[in-house]
file final-v5.txt (compact mmCIF, C-alpha atoms)
# COMPACT_ATOMS: atom_id res chain seq x y z
CA MET A 687 350.74 135.70 202.15
CA VAL A 688 351.83 134.87 198.59
CA LYS A 689 352.08 137.94 196.35
CA VAL A 690 352.13 137.96 192.55
CA TYR A 691 353.43 141.10 190.85
CA SER A 692 351.92 141.31 187.39
CA ILE A 693 350.64 143.56 184.62
CA THR A 694 347.24 143.62 182.95
CA GLN A 695 348.02 141.84 179.66
CA CYS A 696 350.53 139.11 180.44
CA PRO A 697 349.97 135.46 179.54
CA TRP A 698 352.73 134.24 181.84
CA CYS A 699 351.22 136.20 184.75
CA ASP A 700 347.91 134.49 183.97
CA LYS A 701 349.61 131.11 183.95
CA VAL A 702 351.20 131.66 187.36
CA LYS A 703 347.85 132.73 188.81
CA LYS A 704 346.08 129.72 187.27
CA TYR A 705 348.77 127.44 188.72
CA LEU A 706 348.40 128.88 192.21
CA LYS A 707 344.62 128.48 191.98
CA SER A 708 345.00 124.88 190.78
CA LYS A 709 347.09 124.18 193.87
CA GLY A 710 344.70 125.95 196.22
CA VAL A 711 347.27 128.62 197.07
CA GLU A 712 345.75 131.96 198.06
CA TYR A 713 347.57 134.97 196.75
CA GLU A 714 347.40 138.73 196.45
CA GLU A 715 347.77 140.22 193.00
CA HIS A 716 349.75 143.46 192.69
CA ASN A 717 349.45 145.12 189.29
CA ILE A 718 352.57 147.23 188.82
CA GLU A 719 350.92 149.19 186.02
CA ASN A 720 348.30 150.51 188.43
CA SER A 721 350.41 151.27 191.48
CA GLU A 722 353.71 153.14 191.83
CA GLU A 723 354.10 151.53 195.23
CA ASP A 724 353.78 148.01 193.79
CA LEU A 725 356.14 148.90 190.95
CA ALA A 726 358.77 150.03 193.44
CA GLU A 727 358.26 146.95 195.60
CA CYS A 728 358.57 144.62 192.60
CA LYS A 729 361.80 146.35 191.65
CA ARG A 730 363.10 146.11 195.20
CA ILE A 731 362.41 142.37 195.35
CA SER A 732 363.77 141.24 192.00
CA GLY A 733 365.93 144.18 190.98
CA ASP A 734 363.85 144.61 187.82
CA THR A 735 360.29 145.12 186.64
CA ILE A 736 360.02 141.94 184.61
CA VAL A 737 356.83 140.13 185.60
CA PRO A 738 355.39 137.92 186.88
CA VAL A 739 357.26 137.91 190.17
CA THR A 740 355.97 135.57 192.86
CA THR A 741 357.13 135.98 196.44
CA VAL A 742 356.13 134.68 199.85
CA ASN A 743 358.15 136.93 202.11
CA GLY A 744 359.30 139.86 199.99
CA LYS A 745 362.77 138.33 199.82
CA ASP A 746 362.71 134.95 198.04
CA TYR A 747 361.03 135.15 194.67
CA VAL A 748 360.47 133.44 191.30
CA VAL A 749 360.42 135.33 188.01
CA SER A 750 358.08 134.16 185.22
CA PHE A 751 356.49 130.69 185.32
CA ASP A 752 358.89 128.03 186.54
CA LYS A 753 356.96 125.18 188.11
CA ALA A 754 359.90 123.58 189.90
CA LYS A 755 361.01 126.88 191.42
CA LEU A 756 357.44 127.84 192.36
CA ASP A 757 356.93 124.46 194.03
CA ALA A 758 360.15 124.93 196.00
CA LEU A 759 359.26 128.50 196.96
CA LEU A 760 355.76 127.58 198.07
CA GLY A 761 356.59 124.19 199.57
CA LEU A 762 354.26 122.34 197.19
CA MET B 148 356.58 105.20 192.84
CA ASP B 149 355.06 103.93 189.59
CA LYS B 150 353.06 106.49 187.68
CA LYS B 151 349.35 105.82 187.36
CA ARG B 152 348.14 104.69 183.93
CA ILE B 153 345.11 106.49 182.55
CA GLN B 154 343.14 105.56 179.42
CA LYS B 155 342.07 108.26 176.98
CA ASP B 156 340.58 108.09 173.51
CA VAL B 157 342.53 111.04 172.17
CA VAL B 158 345.55 112.82 173.60
CA ILE B 159 346.33 116.12 171.93
CA VAL B 160 349.83 117.54 172.23
CA GLY B 161 349.54 121.32 172.24
CA ALA B 162 346.75 123.70 173.22
CA GLY B 163 346.95 126.24 170.43
CA MET B 164 344.19 126.86 167.93
CA ALA B 165 344.78 123.53 166.12
CA GLY B 166 344.89 121.42 169.28
CA LEU B 167 341.89 123.02 170.94
CA THR B 168 339.80 122.88 167.77
CA ALA B 169 340.63 119.19 167.47
CA ALA B 170 339.52 118.82 171.10
CA ILE B 171 336.17 120.45 170.30
CA TYR B 172 335.53 118.03 167.42
CA ALA B 173 336.76 114.90 169.18
CA GLY B 174 334.88 115.94 172.32
CA ARG B 175 331.65 116.46 170.40
CA ALA B 176 332.15 112.93 169.02
CA ASN B 177 331.95 111.76 172.65
CA ARG B 178 335.61 110.85 172.88
CA LYS B 179 337.58 111.13 176.12
CA VAL B 180 340.02 113.88 175.25
CA LEU B 181 343.07 115.21 177.04
CA VAL B 182 344.97 118.26 175.80
CA LEU B 183 348.48 118.71 177.19
CA GLU B 184 350.41 121.96 176.91
CA ASN B 185 353.98 122.47 178.06
CA SER B 186 353.94 126.22 177.48
CA LEU B 187 351.01 128.64 177.10
CA VAL B 188 347.42 127.64 176.34
CA GLY B 189 346.68 129.43 173.08
CA GLY B 190 350.14 128.87 171.64
CA GLN B 191 351.84 131.74 169.83
CA ILE B 192 348.53 133.57 169.62
CA ALA B 193 348.44 133.95 173.40
CA ASN B 194 351.12 136.63 173.00
CA THR B 195 349.24 138.55 170.33
CA ALA B 196 347.54 141.82 171.27
CA GLY B 197 345.13 142.16 168.38
CA ILE B 198 344.02 139.63 165.75
CA GLU B 199 342.14 141.18 162.85
CA ASN B 200 342.08 138.40 160.26
CA TYR B 201 340.17 135.71 162.13
CA PRO B 202 336.62 135.58 160.76
CA GLY B 203 333.94 136.69 163.15
CA PHE B 204 336.02 139.28 164.99
CA LEU B 205 336.91 142.81 163.92
CA SER B 206 339.75 142.69 166.41
CA VAL B 207 340.34 140.33 169.30
CA ALA B 208 343.18 139.79 171.75
CA GLY B 209 344.80 136.39 171.27
CA GLY B 210 344.41 135.45 174.91
CA ASP B 211 340.71 136.34 174.88
CA LEU B 212 340.03 134.37 171.71
CA MET B 213 341.87 131.31 172.92
CA GLY B 214 340.21 131.51 176.31
CA VAL B 215 336.86 131.07 174.58
CA VAL B 216 338.16 128.23 172.40
CA GLN B 217 339.42 126.50 175.56
CA GLN B 218 335.99 126.91 177.15
CA GLN B 219 334.40 125.36 174.05
CA ALA B 220 336.74 122.37 174.25
CA GLU B 221 336.04 121.92 177.95
CA LYS B 222 332.29 122.28 177.38
CA TYR B 223 332.48 119.13 175.26
CA GLY B 224 334.36 117.21 177.90
CA ALA B 225 338.00 117.79 177.04
CA THR B 226 340.49 118.22 179.86
CA VAL B 227 343.14 120.85 179.25
CA ASP B 228 346.24 120.44 181.43
CA GLU B 229 348.96 123.07 181.12
CA PHE B 230 350.90 122.12 184.23
CA ASP B 231 351.74 118.44 183.73
CA ASN B 232 354.60 118.53 181.26
CA ILE B 233 355.05 115.78 178.69
CA GLU B 234 358.26 113.82 179.13
CA ARG B 235 357.98 111.07 176.53
CA LEU B 236 355.82 109.89 173.64
CA GLU B 237 355.57 106.37 172.25
CA LEU B 238 353.61 106.77 169.05
CA THR B 239 354.13 103.50 167.19
CA SER B 240 352.52 101.24 169.79
CA GLN B 241 348.76 100.69 170.12
CA PRO B 242 347.63 102.13 172.42
CA LYS B 243 350.04 105.01 172.14
CA LEU B 244 351.76 106.17 175.31
CA VAL B 245 352.09 109.74 176.50
CA GLU B 246 354.14 110.00 179.67
CA THR B 247 353.93 113.17 181.71
CA GLU B 248 355.53 114.18 184.99
CA SER B 249 352.66 112.59 186.89
CA ALA B 250 351.04 109.88 184.73
CA ILE B 251 351.24 107.59 181.73
CA TYR B 252 348.34 108.11 179.36
CA GLU B 253 347.28 105.30 177.03
CA ALA B 254 345.68 106.86 173.97
CA LYS B 255 343.89 105.27 171.04
CA ALA B 256 344.83 108.25 168.88
CA VAL B 257 347.27 111.13 169.25
CA ILE B 258 347.06 114.52 167.59
CA LEU B 259 350.34 116.42 167.39
CA ALA B 260 349.65 120.14 167.47
CA SER B 261 352.73 121.37 169.28
CA GLY B 262 353.24 124.38 167.03
CA MET B 263 356.32 126.53 166.84
CA ASN B 264 358.71 128.40 169.08
CA ARG B 265 360.19 131.76 168.22
CA ARG B 266 363.64 131.66 166.71
CA LYS B 267 366.32 133.21 168.93
CA LEU B 268 368.49 136.08 167.78
CA PRO B 269 371.52 134.32 166.26
CA LEU B 270 374.30 136.32 167.89
CA PRO B 271 376.82 134.85 170.34
CA GLU B 272 376.32 137.68 172.83
CA ALA B 273 372.51 137.47 172.67
CA PRO B 274 372.03 135.16 175.71
CA ARG B 275 373.80 137.77 177.86
CA TYR B 276 370.95 140.18 177.16
CA ASP B 277 368.03 137.77 177.59
CA ASP B 278 365.41 139.75 179.56
CA LYS B 279 367.98 142.54 179.76
CA GLY B 280 367.18 144.08 176.43
CA ILE B 281 366.24 141.06 174.34
CA HIS B 282 362.66 139.89 174.57
CA TYR B 283 360.30 137.49 172.84
CA CYS B 284 356.94 138.58 174.31
CA GLU B 285 355.65 142.07 173.55
CA LEU B 286 352.63 141.74 175.79
CA CYS B 287 354.71 140.59 178.76
CA ASP B 288 357.70 142.89 178.48
CA GLY B 289 356.68 145.90 176.38
CA HIS B 290 355.87 147.89 179.54
CA LEU B 291 359.56 147.83 180.48
CA TYR B 292 360.28 150.29 177.69
CA GLN B 293 358.02 153.23 178.45
CA ASN B 294 359.36 156.23 176.53
CA LYS B 295 362.45 154.29 175.45
CA ILE B 296 363.95 153.25 172.14
CA ILE B 297 362.67 149.89 170.96
CA ALA B 298 363.67 147.79 167.96
CA VAL B 299 361.70 144.94 166.48
CA ALA B 300 363.74 142.39 164.55
CA GLY B 301 361.79 140.77 161.72
CA GLY B 302 359.59 141.60 158.76
CA GLY B 303 356.60 139.26 158.81
CA ASN B 304 353.11 139.89 160.12
CA ALA B 305 354.07 138.90 163.65
CA ALA B 306 356.92 141.42 163.67
CA ILE B 307 354.88 144.27 162.26
CA ASP B 308 351.96 143.59 164.60
CA ALA B 309 354.41 143.48 167.52
CA ALA B 310 355.90 146.79 166.38
CA TYR B 311 352.46 148.35 166.20
CA TYR B 312 351.68 147.20 169.73
CA LEU B 313 354.99 148.55 171.02
CA THR B 314 354.48 152.02 169.56
CA LYS B 315 352.32 152.77 172.59
CA TYR B 316 355.46 152.58 174.74
CA ALA B 317 358.29 153.66 172.46
CA LYS B 318 359.59 157.17 171.98
CA LYS B 319 361.31 155.77 168.89
CA LEU B 320 360.72 152.43 167.25
CA TYR B 321 362.87 150.70 164.66
CA VAL B 322 361.85 147.71 162.59
CA ILE B 323 365.04 146.02 161.45
CA HIS B 324 364.79 143.34 158.80
CA ARG B 325 367.37 141.54 156.73
CA SER B 326 365.35 141.71 153.49
CA GLN B 327 362.01 143.19 152.35
CA LEU B 328 358.88 143.14 154.51
CA ARG B 329 356.63 140.11 154.12
CA ALA B 330 353.82 141.48 156.29
CA ASP B 331 350.51 142.33 154.68
CA LYS B 332 350.06 145.88 153.44
CA THR B 333 347.23 146.71 155.86
CA SER B 334 349.45 146.02 158.87
CA VAL B 335 352.42 147.91 157.43
CA ASP B 336 350.32 150.97 156.53
CA ARG B 337 348.83 151.05 160.00
CA LEU B 338 352.29 150.96 161.57
CA LEU B 339 353.59 153.72 159.33
CA GLU B 340 350.79 156.02 160.47
CA LYS B 341 352.46 156.07 163.88
CA PRO B 342 355.06 158.77 164.54
CA ASN B 343 358.68 157.93 165.29
CA VAL B 344 358.67 154.64 163.39
CA GLU B 345 361.64 153.90 161.18
CA ILE B 346 361.90 150.77 159.06
CA LEU B 347 365.39 149.60 158.19
CA LEU B 348 365.28 147.05 155.38
CA GLU B 349 368.10 144.97 153.91
CA THR B 350 369.74 145.44 157.28
CA ASP B 351 371.40 142.85 159.50
CA ILE B 352 371.81 143.12 163.25
CA VAL B 353 375.48 142.26 163.69
CA GLY B 354 376.22 143.15 167.30
CA LEU B 355 374.78 144.02 170.70
CA GLU B 356 376.43 146.37 173.18
CA GLY B 357 375.76 147.52 176.72
CA GLU B 358 376.97 147.14 180.28
CA GLY B 359 374.56 144.71 181.95
CA HIS B 360 371.59 145.85 179.87
CA LEU B 361 371.36 146.40 176.13
CA GLU B 362 372.23 149.97 175.17
CA ARG B 363 373.21 149.86 171.51
CA VAL B 364 372.80 147.73 168.41
CA ARG B 365 375.31 147.46 165.60
CA ILE B 366 373.70 147.15 162.20
CA HIS B 367 374.93 146.51 158.67
CA ASP B 368 373.10 148.03 155.73
CA LYS B 369 373.50 145.45 152.98
CA ALA B 370 372.45 147.85 150.24
CA THR B 371 375.04 150.53 151.02
CA GLY B 372 377.58 148.40 152.87
CA GLU B 373 377.46 150.90 155.74
CA ASP B 374 377.96 149.80 159.36
CA ARG B 375 376.62 151.92 162.18
CA THR B 376 375.59 151.77 165.80
CA ILE B 377 372.20 152.96 166.97
CA PRO B 378 371.02 153.45 170.55
CA VAL B 379 368.40 150.80 171.44
CA ASP B 380 367.07 149.95 174.89
CA GLY B 381 365.22 146.81 173.93
CA ILE B 382 364.82 144.45 170.97
CA PHE B 383 361.73 142.31 170.48
CA VAL B 384 362.68 139.39 168.30
CA ASN B 385 360.26 138.13 165.64
CA ILE B 386 362.60 136.55 163.10
CA GLY B 387 360.65 133.40 162.47
CA VAL B 388 359.84 130.20 164.22
CA ILE B 389 361.18 126.71 164.63
CA PRO B 390 358.95 123.63 164.75
CA ASN B 391 358.44 122.17 168.18
CA THR B 392 359.18 118.52 167.34
CA GLU B 393 361.71 117.63 170.02
CA LEU B 394 359.45 115.10 171.77
CA PHE B 395 358.73 112.97 168.70
CA LYS B 396 361.11 113.86 165.87
CA ASN B 397 362.76 110.43 165.97
CA GLN B 398 359.46 108.58 165.56
CA ILE B 399 357.71 110.42 162.79
CA THR B 400 358.47 111.47 159.23
CA LEU B 401 359.46 115.11 158.99
CA GLY B 402 359.42 117.19 155.84
CA PRO B 403 362.01 119.52 154.30
CA THR B 404 361.36 122.35 156.78
CA GLY B 405 361.48 120.08 159.81
CA ARG B 406 357.73 119.96 160.22
CA ILE B 407 355.61 116.80 160.17
CA GLU B 408 354.96 115.33 156.75
CA SER B 409 351.26 114.80 156.25
CA GLY B 410 348.58 115.38 153.68
CA GLU B 411 345.56 117.64 153.92
CA ASP B 412 343.89 114.79 155.82
CA CYS B 413 346.40 115.44 158.65
CA ARG B 414 347.40 111.75 158.70
CA THR B 415 351.07 111.04 159.41
CA ASN B 416 353.14 107.98 158.57
CA ILE B 417 351.95 106.37 161.83
CA PRO B 418 348.36 105.06 161.92
CA GLY B 419 346.34 106.87 164.57
CA VAL B 420 348.76 109.79 164.78
CA PHE B 421 347.65 113.07 163.23
CA ALA B 422 349.37 116.41 162.75
CA ALA B 423 347.57 119.72 162.94
CA GLY B 424 348.46 123.38 162.72
CA ASP B 425 351.85 125.02 162.20
CA ILE B 426 353.68 121.80 163.02
CA ARG B 427 352.44 120.26 159.75
CA GLU B 428 354.21 120.77 156.41
CA LYS B 429 351.93 123.02 154.39
CA GLU B 430 352.03 126.17 152.34
CA ILE B 431 349.84 128.52 154.38
CA ARG B 432 350.19 128.72 158.15
CA GLN B 433 347.54 130.99 159.60
CA LEU B 434 345.19 130.86 162.56
CA THR B 435 342.37 129.96 160.20
CA THR B 436 344.29 127.04 158.68
CA ALA B 437 345.21 125.86 162.18
CA ALA B 438 341.50 125.72 163.02
CA SER B 439 340.90 123.88 159.76
CA ASP B 440 343.59 121.33 160.58
CA GLY B 441 342.17 120.88 164.06
CA THR B 442 338.79 120.13 162.56
CA THR B 443 340.22 117.59 160.13
CA ALA B 444 342.44 115.91 162.72
CA GLY B 445 339.67 115.72 165.31
CA ILE B 446 337.25 114.11 162.86
CA HIS B 447 339.84 111.65 161.51
CA ALA B 448 340.97 110.72 165.02
CA ASP B 449 337.37 109.82 165.82
CA GLU B 450 337.11 107.77 162.61
CA PHE B 451 340.36 105.98 163.44
CA ILE B 452 339.00 104.99 166.86
CA GLN B 453 335.80 103.77 165.21
CA SER B 454 337.91 101.59 162.90
CA LEU B 455 339.71 100.10 165.92
CA SER B 456 336.34 99.20 167.45
CA ARG B 457 335.24 97.54 164.20
CA LYS B 458 338.42 95.43 164.13
CA GLU B 459 337.90 94.39 167.74
CA SER B 460 334.32 93.31 167.04
CA VAL B 461 335.22 91.17 163.99
call {"tool": "encode", "arguments": {"input": "final-v5.txt", "output": "structure tokens"}}
result
Amino acid sequence: MVKVYSITQCPWCDKVKKYLKSKGVEYEEHNIENSEEDLAECKRISGDTIVPVTTVNGKDYVVSFDKAKLDALLGL
Amino acid sequence: MDKKRIQKDVVIVGAGMAGLTAAIYAGRANRKVLVLENSLVGGQIANTAGIENYPGFLSVAGGDLMGVVQQQAEKYGATVDEFDNIERLELTSQPKLVETESAIYEAKAVILASGMNRRKLPLPEAPRYDDKGIHYCELCDGHLYQNKIIAVAGGGNAAIDAAYYLTKYAKKLYVIHRSQLRADKTSVDRLLEKPNVEILLETDIVGLEGEGHLERVRIHDKATGEDRTIPVDGIFVNIGVIPNTELFKNQITLGPTGRIESGEDCRTNIPGVFAAGDIREKEIRQLTTAASDGTTAGIHADEFIQSLSRKESV
């Protein structure tokens, strides 16, 4: 399952989510402002709490909106 | 594989207030309209937490306002595409060509509303701290500095509004500006009501320090000549903007500030090409004037297409 780590007010998070929707990719949203667990997991994956972070397996990830990297990560 | 060619009446470059307003007007004139955006729909305003000087709203988040404007444009038939990046523009031909990653659009008229990008902090070590203490989006990255020391570089309305937003995170907030504040008094007064805000005027940022992440900022007080180092965990940079003309600067006449030369009618030196919003040389660049430009450009683009039809029928 694709996971997007985000915060509530974040235009780049919104753009990533819109992109995934436009490609028909289902994803889970994890708001790191609302969950200590998600905050810790985001930090474990990327080493930071900069968002958005998109991951498919909790290991490979893309920070912010980078279409080429997202396409590669998601096999689009 | 050859890219598909698609005919449009109007292609609008940029989905900020100017571009989307132009899309509303051209769409309502029954034109086939495409709006392309290489960055964020909403433009610079998308990053703004609270807008208080746009008529009709006491206070509105930039993203919320622009979401509605996008819906209005789409209601009148415009397509807004923020994922198919523009690669090339050919403005002097008729039809004009707009090549994206996936298609070549043939447009009867083009409206350039590509806006501005934030100016980067002009220090050689600055790139080392990108996203590691130097940031350009308060909404996106402010949360990283909960109970930390934040500085905002800049003295205009955008800087002061950013500082106000960041006070909800900062245990101490500096505004550092090289001269006097240009922001309006209402915004400055509101910021100064917050505790732990210190405004350093006539002050240059001359150095950044920290192992891996920003830890300190060296500043120079131009009035006293004093140099000192202050602990800062993160700087949000709002020191002005640069016009986003890279895609077409060699085809169109630019003015003294690097923006597109055009009159109040938004016409450029190329027939059928219009400029709207912050990308246009003008004295006042506000959200309201961007909407005004979008209106003018949308109406004139429609008139230009009508004139093409009249020529074809003669």
call {"tool": "closest_atom_pairs", "arguments": {"input": "final-v5.txt", "of": "chain B", "to": "chain A", "cutoff": "8 Å", "atoms": "all atoms listed in the file", "output": "CSV"}}
result
residue,atom,partner,partner_atom,distance
B:Leu187,CA,A:Pro697,CA,7.3
B:Ala193,CA,A:Pro697,CA,6.5
B:Asn194,CA,A:Pro697,CA,6.7
B:Gly210,CA,A:Pro697,CA,7.2
B:Phe230,CA,A:Tyr705,CA,7.3
B:Asp278,CA,A:Ile736,CA,7.7
B:Leu286,CA,A:Cys696,CA,5.7
B:Cys287,CA,A:Cys696,CA,4.7
B:Asp288,CA,A:Ile736,CA,6.6
B:Leu291,CA,A:Thr735,CA,6.8
call {"tool": "residues_around", "arguments": {"input": "final-v5.txt", "residues": "Tyr252 (chain B)", "least_positions_apart": "3", "cutoff": "7 Å", "atoms": "only C-alpha atoms", "output": "MDAnalysis selection string"}}
result
chainID B and resid 152:155 244:246
call {"tool": "write_last_selection", "arguments": {"input": "final-v5.txt", "atoms": "C-alpha atoms", "output": "PDB file, in the frame of the given file"}}
result
ATOM      1  CA  ARG B 152     348.140 104.690 183.930  1.00  0.00           C
ATOM      2  CA  ILE B 153     345.110 106.490 182.550  1.00  0.00           C
ATOM      3  CA  GLN B 154     343.140 105.560 179.420  1.00  0.00           C
ATOM      4  CA  LYS B 155     342.070 108.260 176.980  1.00  0.00           C
ATOM      5  CA  LEU B 244     351.760 106.170 175.310  1.00  0.00           C
ATOM      6  CA  VAL B 245     352.090 109.740 176.500  1.00  0.00           C
ATOM      7  CA  GLU B 246     354.140 110.000 179.670  1.00  0.00           C
TER       8      GLU B 246
END
call {"tool": "residues_around", "arguments": {"input": "final-v5.txt", "residues": "Tyr321 (chain B)", "least_positions_apart": "2", "cutoff": "8 Å", "atoms": "all atoms listed in the file", "output": "number ranges by chain"}}
result
B: 296-299, 319, 323, 344-347
call {"tool": "closest_residue", "arguments": {"input": "final-v5.txt", "among": "B:Gln219, B:Thr333, B:Ser261, B:Ser186", "to": "Tyr172 (chain B)", "atoms": "only C-alpha atoms"}}
result
B:Gln219
call {"tool": "closest_residue", "arguments": {"input": "final-v5.txt", "among": "B:Leu259, B:Leu313, B:Ile446, B:Leu236", "to": "Ile171 (chain B)", "atoms": "only C-alpha atoms"}}
result
B:Ile446
call {"tool": "closest_residue", "arguments": {"input": "final-v5.txt", "among": "A:Glu714, A:Glu722, A:Asp757, A:Glu727", "to": "Gly744 (chain A)", "atoms": "only C-alpha atoms"}}
result
A:Glu727
call {"tool": "residues_around", "arguments": {"input": "final-v5.txt", "residues": "Met687 (chain A)", "least_positions_apart": "2", "cutoff": "9 Å", "atoms": "only C-alpha atoms", "output": "VMD selection string"}}
result
chain A and resid 689 712 to 714 741 to 743
call {"tool": "residues_near_point", "arguments": {"input": "final-v5.txt", "point": "(335.6, 119.1, 181.1)", "cutoff": "12 Å", "atoms": "all atoms listed in the file", "output": "ChimeraX atom specification"}}
result
/B:170-171,174-175,177-182,217-228
call {"tool": "decode", "arguments": {"input": "final-v5.txt", "residues": "region 293-308 of chain B", "atoms": "N, CA and C atoms", "output": "mmCIF file, in the first residue's frame"}}
result
data_model
loop_
_atom_site.group_PDB
_atom_site.id
_atom_site.type_symbol
_atom_site.label_atom_id
_atom_site.label_comp_id
_atom_site.auth_asym_id
_atom_site.auth_seq_id
_atom_site.Cartn_x
_atom_site.Cartn_y
_atom_site.Cartn_z
ATOM 1 N N GLN B 293 8.760 23.572 16.009
ATOM 2 C CA GLN B 293 7.972 23.694 17.226
ATOM 3 C C GLN B 293 8.878 24.043 18.400
ATOM 4 N N ASN B 294 8.572 25.178 19.031
ATOM 5 C CA ASN B 294 9.335 25.615 20.217
ATOM 6 C C ASN B 294 10.815 25.839 19.918
ATOM 7 N N LYS B 295 11.108 26.251 18.704
ATOM 8 C CA LYS B 295 12.498 26.527 18.316
ATOM 9 C C LYS B 295 12.644 27.991 17.929
ATOM 10 N N ILE B 296 13.882 28.362 17.606
ATOM 11 C CA ILE B 296 14.153 29.758 17.239
ATOM 12 C C ILE B 296 14.094 29.879 15.718
ATOM 13 N N ILE B 297 13.215 30.754 15.274
ATOM 14 C CA ILE B 297 12.980 30.923 13.839
ATOM 15 C C ILE B 297 13.345 32.356 13.455
ATOM 16 N N ALA B 298 13.926 32.508 12.279
ATOM 17 C CA ALA B 298 14.133 33.839 11.707
ATOM 18 C C ALA B 298 13.375 33.919 10.390
ATOM 19 N N VAL B 299 12.849 35.085 10.112
ATOM 20 C CA VAL B 299 12.273 35.350 8.793
ATOM 21 C C VAL B 299 13.131 36.426 8.157
ATOM 22 N N ALA B 300 13.641 36.158 6.973
ATOM 23 C CA ALA B 300 14.424 37.149 6.241
ATOM 24 C C ALA B 300 13.486 37.895 5.306
ATOM 25 N N GLY B 301 13.461 39.230 5.427
ATOM 26 C CA GLY B 301 12.620 40.026 4.546
ATOM 27 C C GLY B 301 11.806 41.034 5.320
ATOM 28 N N GLY B 302 11.253 42.019 4.599
ATOM 29 C CA GLY B 302 10.535 43.090 5.282
ATOM 30 C C GLY B 302 9.262 43.534 4.591
ATOM 31 N N GLY B 303 8.831 42.780 3.591
ATOM 32 C CA GLY B 303 7.585 43.119 2.902
ATOM 33 C C GLY B 303 6.395 42.429 3.545
ATOM 34 N N ASN B 304 5.239 42.585 2.942
ATOM 35 C CA ASN B 304 4.030 41.965 3.496
ATOM 36 C C ASN B 304 4.149 40.449 3.586
ATOM 37 N N ALA B 305 4.749 39.843 2.563
ATOM 38 C CA ALA B 305 4.862 38.377 2.576
ATOM 39 C C ALA B 305 5.709 37.931 3.764
ATOM 40 N N ALA B 306 6.786 38.656 4.034
ATOM 41 C CA ALA B 306 7.671 38.289 5.145
ATOM 42 C C ALA B 306 6.964 38.460 6.483
ATOM 43 N N ILE B 307 6.283 39.574 6.646
ATOM 44 C CA ILE B 307 5.638 39.836 7.935
ATOM 45 C C ILE B 307 4.469 38.872 8.155
ATOM 46 N N ASP B 308 3.735 38.572 7.111
ATOM 47 C CA ASP B 308 2.643 37.599 7.250
ATOM 48 C C ASP B 308 3.198 36.206 7.560
#
